[in-house]
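Engineer: Before I ask anything, let me first share the structure, which is written out below as structure tokens.
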Amino acid sequence: MTLVAVPLSAGSPDALLADTLRAAAAGADLVEWRLDTCQQLGASPDEVIAAISRSSLPVLLTIRHADETGAWSGSASERCRLLQAADAAGAAYIDIEFARLADLGTWRPQRARLILSAHDFTGMGGDLVRLVERMRAAGGLPKIAVTARDASDLAPVRDLLVSRSGDLIALAMGEHGLPSRLLAGVWGSFLTFARLDEQAGSAPGQPTVTELVGRYRIHAQRPDWRILGVIGSPIAHSLSPHIHNAALAQDGVPAVYVPFRVEDPVAFWTACGAWIHGLSITIPHKHALLKQVEGVEPLVTSIGAMNTIFKLDEKSQGGNTDAAAIIACVEGAIGNLHGKTVLCLGAGGVGRAIAHALASRGAKLVIVNRTHARAVELAAEVGGLAVSEAEAYSVPYHVLVNGTAVGMGRPLESPWPAARHRAGSVVFDTVYTPLTTRLLHDAQAAGAITVPGLDMFILQAAEQYRRFTGREPDTALMRAAALARLNPGA
Ligand code: NAP
């Protein structure tokens with residue numbers, strides 16, 4: 001089992017011991033006491049070492065020098081003295097930069113396990129295989145921390161871990177490297193680092209211990225678990241890891257779903273696609289991998305966008321679950337769409353999915369878009385009509401769908417005038433932040449039947465989950481996970 005280590009720094013031994021208790025309560029397996037930063041905060045190094053015996057978790061003791069991006073400014077001999085004292089006081093692990101091993105002279109820990117670290121804060125660290133061999137030959141547990149510049153840099157870290165012989169700690173720092181921390185149990189890293197909730201981490205891209213233990217089930221992860229995820233840029237805001245992991249955990253599926261911040265999707269899929277079982281794809285990459293997959297579901301080609309990759313008989317398949325979700329949202333409110341008039345606001349990515357999905361169900365599409373030429377193009381594709389906004393006011397629609405970004409994060413803005421709503425019509429807003437948009441508010445007031453964007457989000461995720469796992473997801477659980485994220489205080 002991969003261990004979870006929480007780096008801690010505090011200005012006194014008592015504060016350090018209190019944070020250690022909190023780390024233990026959150027599910028950490030050990031704490032890394034950073035003696036260099038503790039001293040910087042005012043703690044006496046000898047008093048911190050004397051507190052090791054009172055720690056509620058095993059202690060990894062680290063003293064990083066200022067030129068190792070730490071805060072230590074003492075001499076090499078003083079650091080060696082403190083490490084010897086920590087070993088005698090019962091530290092479980094002692095960490096030193098591999099490049100500084102000579103500072104220890106011939107001394108080696110008697111009780112603690114020696115971790116030999118190599119950090120590259122700007123790049124991928126060169127020949128990692130050779131470096132690990134040299135660390136092992138020197139008698140240490142190797143720790144490799146490199147810096148990912150894109151998610152494709154995860155591949156060498158994963159390769160290093162899965163081909164290891166013996167214990168190894170390896171991770172990629174930075175937001176692009178975050179999955180290396182979240183997948184540490186699948187890839188077999190000896191330990192992974194997480195920050196205590198509310199505290200700044202000791203390195204960029206660290207998850208909190210609560211996230212790692214809870215959402216990503218790090219202690220349950222095994223090498224045969226399937227890896228799922230979402231790609232986009234930015235990606236930190238994504239709701240998808242919350243809802244997919246909630247469902248995977250409830251169903252006991254041996255899989256974990258992580259956010260991949262990806263800048264170059266083709267390079268990412270080329271480097272990592274072989275070990276990824278399923279992907280959600282979000283902005284701006286919905287068009288990028290169309291040529292990389294081995295097959296596509298109906299509607300993907302006509303919409304020209306793919307929001308899902310899944311493996312079928314080991315072959316990669318592209319899907320567009322937005323389309324299925326849009327159909328379910330609208331037909332759930334109005335029933336059979338054949339012959340019904342749908343007024344579609346927007347001709348961007350979602351507008352295209354709305355028009356093609358609903359046209360495939362026999363609806364008559366009328367499309368209005370800020371950039372009229374896009375509406376004309378899309379209308380021609382689906383056999384519909386492109387109109388100006390003024391012309392749209394007199395369209396006798398059954399269904400109004402907002403596929404524009406208007407109203408997103410702006411609760412006072414609506415893409416449609418309040419006075420133009422039609423009682424008895426269906427109004428579906430794909431925007432889901434806020435949950436009740438101005439458009440939906442106005443539509444309800446005018447006697448329309450409303451469908452919120454969160455319904456689409458949950459349904460498209462549920463369609464992905466079926467493709468990823470072959471199981472029927474608990475959509476109520478997915479919705480609760482999304483709402484907990486959107487309204488954390490509620
Ligand atoms: P997109 O490809 O960038 O298209 C944006 C659309 O909004 C275009 O039609 C654009 O018109 C229009 N637009 C943007 N700003 C406007 C403004 N100020 N006034 C009028 N029209 C404006 O984006 P997308 O991927 O289609 O996403 C659109 C929205 O769908 C997102 O904002 C999101 O809220 C929602 N969405 C929901 C889900 C869900 O699951 N519920 C999933 C994905 C997206 P132009 O062509 O003139 O630029």
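Ligands are numbered from 1 in the order shown, chains are lettered A, B, ... in the order of the structure tokens, and residues start at 1 in each chain.
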Near range 27-29 of chain A, counting only C-alpha atoms, which residues have an atom at most 9 Å away, once you skip same-chain residues fewer than 2 positions from it, shown as a list in words?
Structural biologist: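 Close residues of range 27-29 of chain A: Leu3, Val4, Ala5, Val6, Thr20, Arg22, Ala23, Ala24, Ala25, Val31, Leu57, Pro58, Ala194, Leu196, Val209, Thr210, Val213 and Gly214 of chain A.
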Engineer: Set the cut-off to 7 Å, count only C-alpha atoms and all ligand atoms, and list whatever residues fall near ligand 1 as an mmCIF file with N, CA, C and O atoms, in the first residue's frame.
Structural biologist:
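For reference, pocket_24.cif as written:
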data_model
loop_
_atom_site.group_PDB
_atom_site.id
_atom_site.type_symbol
_atom_site.label_atom_id
_atom_site.label_comp_id
_atom_site.auth_asym_id
_atom_site.auth_seq_id
_atom_site.Cartn_x
_atom_site.Cartn_y
_atom_site.Cartn_z
ATOM 1 N N ILE A 283 -13.147 21.718 -22.616
ATOM 2 C CA ILE A 283 -12.553 22.882 -23.300
ATOM 3 C C ILE A 283 -11.073 22.991 -22.984
ATOM 4 O O ILE A 283 -10.705 22.857 -21.820
ATOM 5 N N ASP A 322 -22.556 14.530 -24.669
ATOM 6 C CA ASP A 322 -23.374 15.750 -24.564
ATOM 7 C C ASP A 322 -24.645 15.571 -25.389
ATOM 8 O O ASP A 322 -25.734 15.987 -24.979
ATOM 9 N N GLY A 346 -27.277 29.946 -30.035
ATOM 10 C CA GLY A 346 -25.864 29.572 -30.030
ATOM 11 C C GLY A 346 -25.518 28.575 -31.118
ATOM 12 O O GLY A 346 -26.317 27.689 -31.439
ATOM 13 N N ALA A 347 -24.333 28.757 -31.680
ATOM 14 C CA ALA A 347 -23.841 27.840 -32.713
ATOM 15 C C ALA A 347 -22.378 27.504 -32.461
ATOM 16 O O ALA A 347 -21.625 27.217 -33.382
ATOM 17 N N GLY A 348 -21.980 27.554 -31.181
ATOM 18 C CA GLY A 348 -20.623 27.146 -30.800
ATOM 19 C C GLY A 348 -20.601 25.635 -30.620
ATOM 20 O O GLY A 348 -21.411 24.906 -31.212
ATOM 21 N N GLY A 349 -19.701 25.150 -29.774
ATOM 22 C CA GLY A 349 -19.560 23.711 -29.569
ATOM 23 C C GLY A 349 -20.845 23.072 -29.063
ATOM 24 O O GLY A 349 -21.326 22.077 -29.636
ATOM 25 N N VAL A 350 -21.418 23.644 -28.012
ATOM 26 C CA VAL A 350 -22.648 23.066 -27.451
ATOM 27 C C VAL A 350 -23.818 23.307 -28.396
ATOM 28 O O VAL A 350 -24.686 22.431 -28.568
ATOM 29 N N GLY A 351 -23.852 24.474 -29.040
ATOM 30 C CA GLY A 351 -24.904 24.751 -30.024
ATOM 31 C C GLY A 351 -24.918 23.698 -31.121
ATOM 32 O O GLY A 351 -25.979 23.231 -31.548
ATOM 33 N N ASN A 369 -27.579 33.074 -33.582
ATOM 34 C CA ASN A 369 -26.244 33.152 -32.978
ATOM 35 C C ASN A 369 -25.695 34.560 -33.176
ATOM 36 O O ASN A 369 -25.979 35.210 -34.183
ATOM 37 N N ARG A 370 -24.928 35.002 -32.187
ATOM 38 C CA ARG A 370 -24.338 36.346 -32.271
ATOM 39 C C ARG A 370 -23.611 36.525 -33.601
ATOM 40 O O ARG A 370 -23.808 37.503 -34.301
ATOM 41 N N THR A 371 -22.789 35.542 -33.950
ATOM 42 C CA THR A 371 -22.122 35.579 -35.260
ATOM 43 C C THR A 371 -23.030 34.827 -36.234
ATOM 44 O O THR A 371 -23.077 33.587 -36.241
ATOM 45 N N ARG A 374 -22.207 31.666 -38.489
ATOM 46 C CA ARG A 374 -22.119 30.327 -37.874
ATOM 47 C C ARG A 374 -23.506 29.686 -37.788
ATOM 48 O O ARG A 374 -23.648 28.475 -37.929
ATOM 49 N N GLY A 403 -27.564 27.514 -25.808
ATOM 50 C CA GLY A 403 -26.247 26.883 -25.971
ATOM 51 C C GLY A 403 -25.149 27.927 -26.027
ATOM 52 O O GLY A 403 -24.022 27.606 -26.416
ATOM 53 N N THR A 404 -25.469 29.167 -25.639
ATOM 54 C CA THR A 404 -24.423 30.204 -25.580
ATOM 55 C C THR A 404 -23.835 30.227 -24.172
ATOM 56 O O THR A 404 -24.357 29.590 -23.249
ATOM 57 N N ALA A 405 -22.767 31.013 -24.036
ATOM 58 C CA ALA A 405 -22.144 31.152 -22.715
ATOM 59 C C ALA A 405 -22.801 32.274 -21.910
ATOM 60 O O ALA A 405 -22.393 32.521 -20.768
ATOM 61 N N VAL A 406 -23.837 32.904 -22.465
ATOM 62 C CA VAL A 406 -24.449 34.051 -21.775
ATOM 63 C C VAL A 406 -25.160 33.574 -20.502
ATOM 64 O O VAL A 406 -25.947 32.626 -20.535
ATOM 65 N N MET A 408 -23.406 32.522 -17.869
ATOM 66 C CA MET A 408 -22.459 31.703 -17.107
ATOM 67 C C MET A 408 -21.685 32.593 -16.124
ATOM 68 O O MET A 408 -20.985 33.528 -16.549
ATOM 69 N N PRO A 415 -29.744 35.328 -22.209
ATOM 70 C CA PRO A 415 -29.639 35.459 -23.670
ATOM 71 C C PRO A 415 -30.992 35.703 -24.334
ATOM 72 O O PRO A 415 -31.056 35.813 -25.565
ATOM 73 N N THR A 430 -28.248 25.273 -20.947
ATOM 74 C CA THR A 430 -27.103 24.383 -20.726
ATOM 75 C C THR A 430 -26.133 24.951 -19.685
ATOM 76 O O THR A 430 -25.323 24.213 -19.123
ATOM 77 N N VAL A 431 -26.233 26.258 -19.433
ATOM 78 C CA VAL A 431 -25.369 26.869 -18.407
ATOM 79 C C VAL A 431 -25.794 26.350 -17.027
ATOM 80 O O VAL A 431 -26.991 26.251 -16.748
ATOM 81 N N TYR A 432 -24.815 25.989 -16.169
ATOM 82 C CA TYR A 432 -25.189 25.490 -14.838
ATOM 83 C C TYR A 432 -24.527 26.219 -13.675
ATOM 84 O O TYR A 432 -24.625 25.784 -12.521
ATOM 85 N N GLY A 453 -29.145 23.305 -16.512
ATOM 86 C CA GLY A 453 -27.936 22.772 -17.143
ATOM 87 C C GLY A 453 -27.279 21.660 -16.346
ATOM 88 O O GLY A 453 -26.595 20.803 -16.919
ATOM 89 N N LEU A 454 -27.489 21.653 -15.008
ATOM 90 C CA LEU A 454 -26.862 20.590 -14.221
ATOM 91 C C LEU A 454 -27.411 19.222 -14.631
ATOM 92 O O LEU A 454 -26.694 18.222 -14.580
ATOM 93 N N ASP A 455 -28.688 19.187 -15.056
ATOM 94 C CA ASP A 455 -29.262 17.908 -15.515
ATOM 95 C C ASP A 455 -28.442 17.353 -16.683
ATOM 96 O O ASP A 455 -28.128 16.161 -16.732
ATOM 97 N N MET A 456 -28.096 18.255 -17.614
ATOM 98 C CA MET A 456 -27.284 17.813 -18.767
ATOM 99 C C MET A 456 -25.912 17.351 -18.302
ATOM 100 O O MET A 456 -25.404 16.313 -18.765
ATOM 101 N N PHE A 457 -25.333 18.108 -17.386
ATOM 102 C CA PHE A 457 -23.993 17.749 -16.936
ATOM 103 C C PHE A 457 -23.990 16.358 -16.296
ATOM 104 O O PHE A 457 -23.112 15.526 -16.577
ATOM 105 N N GLN A 460 -24.639 13.632 -19.078
ATOM 106 C CA GLN A 460 -23.499 13.344 -19.964
ATOM 107 C C GLN A 460 -22.431 12.557 -19.211
ATOM 108 O O GLN A 460 -21.785 11.678 -19.767
#
Engineer: Would you give me, as JSON lines, each residue of range 278-340 of chain A having an atom within 9 Å of an atom of range 355-359 of chain A, along with its shortest atom pair and that distance in Å to one decimal, using only C-alpha atoms and sorting by chain and residue number?
Structural biologist:
{"residue": "A:Leu299", "atom": "CA", "partner": "A:His356", "partner_atom": "CA", "distance": 7.2}
{"residue": "A:Ser302", "atom": "CA", "partner": "A:His356", "partner_atom": "CA", "distance": 7.2}
{"residue": "A:Ile303", "atom": "CA", "partner": "A:His356", "partner_atom": "CA", "distance": 6.3}
{"residue": "A:Asp322", "atom": "CA", "partner": "A:Ala357", "partner_atom": "CA", "distance": 8.8}
{"residue": "A:Ala323", "atom": "CA", "partner": "A:Ala357", "partner_atom": "CA", "distance": 5.2}
{"residue": "A:Ala324", "atom": "CA", "partner": "A:Ala357", "partner_atom": "CA", "distance": 7.2}
{"residue": "A:Ile326", "atom": "CA", "partner": "A:Ala357", "partner_atom": "CA", "distance": 7.1}
{"residue": "A:Ile327", "atom": "CA", "partner": "A:Leu358", "partner_atom": "CA", "distance": 6.2}
{"residue": "A:Val330", "atom": "CA", "partner": "A:Leu358", "partner_atom": "CA", "distance": 8.5}
{"residue": "A:Leu337", "atom": "CA", "partner": "A:Leu358", "partner_atom": "CA", "distance": 7.6}
{"residue": "A:His338", "atom": "CA", "partner": "A:Ala359", "partner_atom": "CA", "distance": 8.8}
Engineer: Write out as a ChimeraX atom specification the residues lying within 7 Å of range 174-190 of chain A, counting only C-alpha atoms and excluding same-chain residues fewer than 4 positions away.
Structural biologist: /A:1-3,147-151,154,158,161-162,167-170,204-206,212,216,218-219,221-225,258-261
Engineer: When distances are computed from only C-alpha atoms, which of A:Pro265, A:Gly252, A:Pro156, A:Gly304 shows the smallest separation from Ala288 in chain A?
Structural biologist: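 Residue with the minimum atom-to-atom distance to Ala288 in chain A: A:Pro265.
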Engineer: Excluding same-chain residues fewer than 6 positions from Gly447 in chain A, what lies within 12 Å of it counting only C-alpha atoms, as number ranges by chain?
Structural biologist: A: 418-427, 440-441
Engineer: What is the distance between CA of Asp36 in chain A and CA of Asp19 in chain A, in Å to one decimal?
Structural biologist: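 That distance, rounded to one decimal, is 16.8 Å.
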Engineer: Among range 156-304 of chain A, which residues does DSSP mark as helix (DSSP H, G or I) when it is run on the backbone? Keep the chain and numbering as in the structure and answer as a ChimeraX atom specification.
Structural biologist: /A:156-162,175-182,184-187,209-215,240-251,265-275,300-303
Engineer: Might you pull out every residue within 9 Å of Thr62 in chain A, with only C-alpha atoms counted and same-chain residues fewer than 5 positions away left off, and present them as JSON, numbers by chain?
Structural biologist: {"A": [32, 33, 34, 35, 36, 83, 93, 94, 95, 96]}
Engineer: Between A:Ala118, A:Ala236, A:Leu160, A:Ala86, which is the closest to Lys143 in chain A once you count only C-alpha atoms?
Structural biologist: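 Nearest candidate to Lys143 in chain A out of A:Ala118, A:Ala236, A:Leu160, A:Ala86: A:Ala118.
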Engineer: When DSSP works through the backbone of this structure, what residues of range 217-299 of chain A end up as strand (DSSP E or B), shown as a PyMOL selection string?
Structural biologist: chain A and resi 226-232+255-261+278-281+295-296
Engineer: As a ChimeraX atom specification, please: the residues near Pro45 in chain A (cut-off 12 Å, only C-alpha atoms, same-chain neighbours under 2 positions excluded).
Structural biologist: /A:9-13,33-43,47-52,61-63,72,74,78-79,81-83,85-86
Engineer: Write the selection just made, keeping C-alpha atoms, as a CSV table (one decimal), in the first residue's frame?
Structural biologist:
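Output (again.csv):
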chain,number,residue,atom,x,y,z
A,9,SER,CA,6.4,23.1,9.4
A,10,ALA,CA,5.6,24.9,12.7
A,11,GLY,CA,7.2,27.4,15.0
A,12,SER,CA,7.1,25.1,18.0
A,13,PRO,CA,7.2,21.3,18.8
A,33,TRP,CA,8.8,17.4,9.7
A,34,ARG,CA,10.8,20.0,7.8
A,35,LEU,CA,13.3,21.0,10.4
A,36,ASP,CA,14.7,23.8,8.2
A,37,THR,CA,11.4,25.6,7.9
A,38,CYS,CA,10.5,24.8,11.5
A,39,GLN,CA,13.7,26.6,12.5
A,40,GLN,CA,12.9,29.5,10.2
A,41,LEU,CA,9.5,29.8,12.0
A,42,GLY,CA,11.2,30.0,15.3
A,43,ALA,CA,11.4,26.4,16.6
A,47,GLU,CA,13.5,20.6,20.7
A,48,VAL,CA,11.7,19.5,17.5
A,49,ILE,CA,13.9,16.4,17.4
A,50,ALA,CA,13.1,15.7,21.1
A,51,ALA,CA,9.4,15.8,20.2
A,52,ILE,CA,9.8,12.9,17.7
A,61,LEU,CA,12.8,14.2,9.1
A,62,THR,CA,14.1,16.5,6.4
A,63,ILE,CA,16.6,19.4,6.6
A,72,TRP,CA,18.6,25.7,6.2
A,74,GLY,CA,23.7,25.9,9.0
A,78,GLU,CA,25.6,20.6,12.1
A,79,ARG,CA,23.0,19.1,9.8
A,81,ARG,CA,24.6,16.1,13.9
A,82,LEU,CA,20.9,16.8,13.8
A,83,LEU,CA,20.1,13.9,11.5
A,85,ALA,CA,20.0,13.0,16.8
A,86,ALA,CA,16.8,12.4,14.8
Engineer: Hey, what's within 12 Å of Tyr465 in chain A if we count only C-alpha atoms and toss same-chain stuff fewer than 5 positions away? As a ChimeraX atom specification, please?
Structural biologist: /A:228-229,240-241,243-248,251,253,255-257,277-280,308-310,321,458-460,470-475,478
Engineer: Generate a file of the selected residues that holds C-alpha atoms, formatted as a compact mmCIF listing (two decimals), in the first residue's frame.
Structural biologist:
# COMPACT_ATOMS: atom_id res chain seq x y z
CA LEU A 228 -9.85 7.33 -15.99
CA GLY A 229 -9.75 11.10 -16.18
CA SER A 240 -15.95 15.52 -13.10
CA PRO A 241 -13.45 13.98 -10.62
CA ILE A 243 -18.88 12.91 -9.48
CA HIS A 244 -17.10 10.03 -11.20
CA ASN A 245 -15.04 9.08 -8.13
CA ALA A 246 -18.14 9.21 -5.93
CA ALA A 247 -19.85 6.71 -8.24
CA LEU A 248 -16.75 4.50 -8.62
CA ASP A 251 -19.94 0.77 -6.86
CA VAL A 253 -15.15 -0.31 -9.14
CA ALA A 255 -10.72 2.49 -11.02
CA VAL A 256 -9.81 6.07 -10.23
CA TYR A 257 -10.64 9.25 -12.16
CA HIS A 277 -8.96 3.37 -19.97
CA GLY A 278 -11.32 6.31 -20.43
CA LEU A 279 -11.29 10.08 -20.78
CA SER A 280 -13.71 12.92 -20.54
CA THR A 308 -15.40 11.06 -24.41
CA ILE A 309 -12.80 8.42 -25.23
CA PHE A 310 -13.34 4.89 -23.97
CA THR A 321 -22.30 12.08 -24.55
CA ILE A 458 -25.05 14.79 -14.79
CA LEU A 459 -26.57 12.90 -17.72
CA GLN A 460 -23.50 13.34 -19.96
CA GLY A 470 -20.38 -0.98 -18.19
CA ARG A 471 -22.42 -0.19 -15.08
CA GLU A 472 -25.51 1.87 -14.40
CA PRO A 473 -24.49 4.87 -12.27
CA ASP A 474 -26.39 6.28 -9.32
CA THR A 475 -27.21 9.69 -10.81
CA MET A 478 -23.50 12.07 -8.83
Engineer: What does the distance from CA of Val293 in chain A to CA of Ala482 in chain A come to in Å, to one decimal?
Structural biologist: 29.1 Å
Engineer: In Å, rounded to a single decimal, give me how far CA of Leu439 in chain A is from CA of Glu331 in chain A.
Structural biologist: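 CA of Glu331 in chain A sits 19.5 Å away from CA of Leu439 in chain A.
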Engineer: Which is closest to Ile367 in chain A among A:Ala353, A:Asp313, A:Ala392, A:Gly232, if we use only C-alpha atoms?
Structural biologist: A:Ala392
Engineer: Which residue is closest to Arg111 in chain A? Choose from A:Asp159, A:Glu133, A:Asp87, A:Glu294 and count only C-alpha atoms.
Structural biologist: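 When distances to Arg111 in chain A are compared using only C-alpha atoms, the smallest one comes from A:Asp87.
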